[in-house]
Amino acid sequence: MLRRVPLVLVLTILAMIASVLYGQVYSVTVIMKGLLHTLWVTIAIFLSYGFLLRWLRVTKRRLRFEQLIAQRRPQAEGETAVAAKAVTEEKAPELGEITSETEQLVKMLMITVAAGAFLIIWGPLLPALEVFERFSLWTSTTMVEGEPVTYEISLASIVTVIVVIALTLFAVQRIPGVVEIILRSRTQMSAGARYTSSTLLNYIIVGTGIVFGLSTLGLQWSQLQWLVAALGVGIGFGLQEIVANFICGLIILFERPIRVGDIVTVGGKDGLVTKIRIRATTIKDWDGKELLVPNKEFITTHLLNWTLSDPHNRIFIAIGVAYGTDVELAIKILLDIMNDHEEVLQDPNPTVVFENFGDNSLELSARCFLGVMERRLAVMTELRIAVTKAFEQAGIVIAFPQRDVHLDVTGPIEVKTDFPRNPDRPEPEPSPTTSATAESVTAEQPANEKQAERNRDVQAT
């Protein structure tokens with residue numbers, strides 16, 4: 001393209017010279033001014049585009065560097081590689097997506113500015129565009145202060161509406177990415193606040209585009225009020241759940257009982273909030289499955305937010321030791337284990353409580369607090385392993401369910417053995433031992449009715 005520029009300039013100059021020779025001096029003057037203005041606008045647009053791309057790339061690198069530092073800090077404090085991997089998977093693609101969307105938006109913005117500037121520069125030479133105004137499609141009449149006013153809808157209005165729709169769709173897809181990267185780089189807002197801002201901006205853009213498009217087509221509120229009333233009736237009967245979820249979504253965005261990145265429990269399900277949409281919120285559970293929960297559930301039912309205002313959380317571990325154990329020694333061992341763990345907070349202090357005398361054990365309970373929610377299960381596992389090893393070394397038995405069976409043998413117990421007889425097989429002769437046992441049992445039969453009744457009670461028992 002650069003090699004063809006001199007050829008284009010030479011041909012343009014020759015064409016202008018020929019036009020001057022034929023008496024088109026005014027036209028040549030207007031064209032020369034337009035070319036000069038176009039050259040200056042083109043240089044300004046390319047410089048602006050280069051500066052914006054440079055700013056985006058520098059911002060992307062700085063944000064990525066901050067992400068890596070934030071990921072390494074929890075790992076240095078003992079966070080597992082699984083949690084770090086989850087953070088990387090959630091954040092890195094999001095940052096790349098925002099940057100690519102922003103570059104496309106800058107590109108489209110430069111094209112739009114260039115098109116507007118060229119239209120202004122070359123407007124006097126483009127009277128053909130006025131042809132669109134001459135094609136009238138329909139007219140719209142409305143009452144303004146008691147007098148009818150007629151609006152003429154032309155082909156130019158349709159073209160304008162199409163352009164507005166295209167720009168609205170493009171802005172809805174790209175502008176939230178710009179807002180996200182600006183808020184990340186210039187403010188200390190949390191992820192939930194940034195998400196709320198971009199979502200509300202989407203709603204405003206869509207609403208503005210719809211209102212502007214309808215106004216261009218000549219539709220006034222007086223013409224739409226019956227349609228709105230009919231839609232209201234339909235919404236009241238058939239779409240009440242969808243509208244309820246939409247309103248609850250707005251309440252969530254403004255009131256913020258949950259935010260992106262919070263750990264919540266709703267409907268018996270635990271997980272991490274990843275998206276808040278118009279109708280439903282996405283929760284990613286610990287198995288990696290994504291659960292879509294209607295927004296109405298967060299407003300009308302019980303919601304447990306583990307990280308709403310304070311990420312601190314308490315761990316509860318129940319231990320049962322065998323009867324006869326030195327309880328004071330067991331309590332001391334539990335306190336030492338919790339105090340020695342680096343992730344257990346010392347304020348509030350860890351505590352151990354002797355809960356109760358259980359059926360099979362002496363029931364103890366250990367309680368301590370953690371500073372982060374991500375390590376809750378891992379710390380509980382580490383503490384239980386440490387308790388098991390320490391109790392084995394100290395000779396303390398961790399109890400398990402037991403049952404003792406006691407037989408009342410104050411009186412004789414009658415024992416009978418009944419085998420099925422085989423007619424083809426002769427009965428074995430009783431051995432001397434068996435005869436002696438039978439005789440001893442016979443001799444021990446009760447001699448009076450009182451003893452017999454006692455034996456029947458014993459047997460029944």
# chains A, B, ... in the order shown; residues from 1 in each chain; ligands from 1
>>> residues_around(residues="Ser190 of chain A", least_positions_apart="4", cutoff="12 Å", atoms="only C-alpha atoms", output="MDAnalysis selection string")
chainID A and resid 180 183:185 194:197 256 259:262
>>> residues_around(residues="Leu345 of chain A", least_positions_apart="5", cutoff="9 Å", atoms="only C-alpha atoms", output="VMD selection string")
chain A and resid 338 to 339 350 368 to 371
>>> residues_around(residues="Ile242 of chain A", least_positions_apart="6", cutoff="12 Å", atoms="only C-alpha atoms", output="PyMOL selection string")
chain A and resi 234-236+248-249+278-280+294-296
>>> residues_around(residues="Val161 of chain A", least_positions_apart="2", cutoff="9 Å", atoms="only C-alpha atoms", output="NGL selection string")
:A and (156-159 or 163-166 or 212-214 or 216-217)
>>> atom_distance(atom1="atom CA of Phe316 of chain A", atom2="atom CA of Glu297 of chain A")
28.4 Å
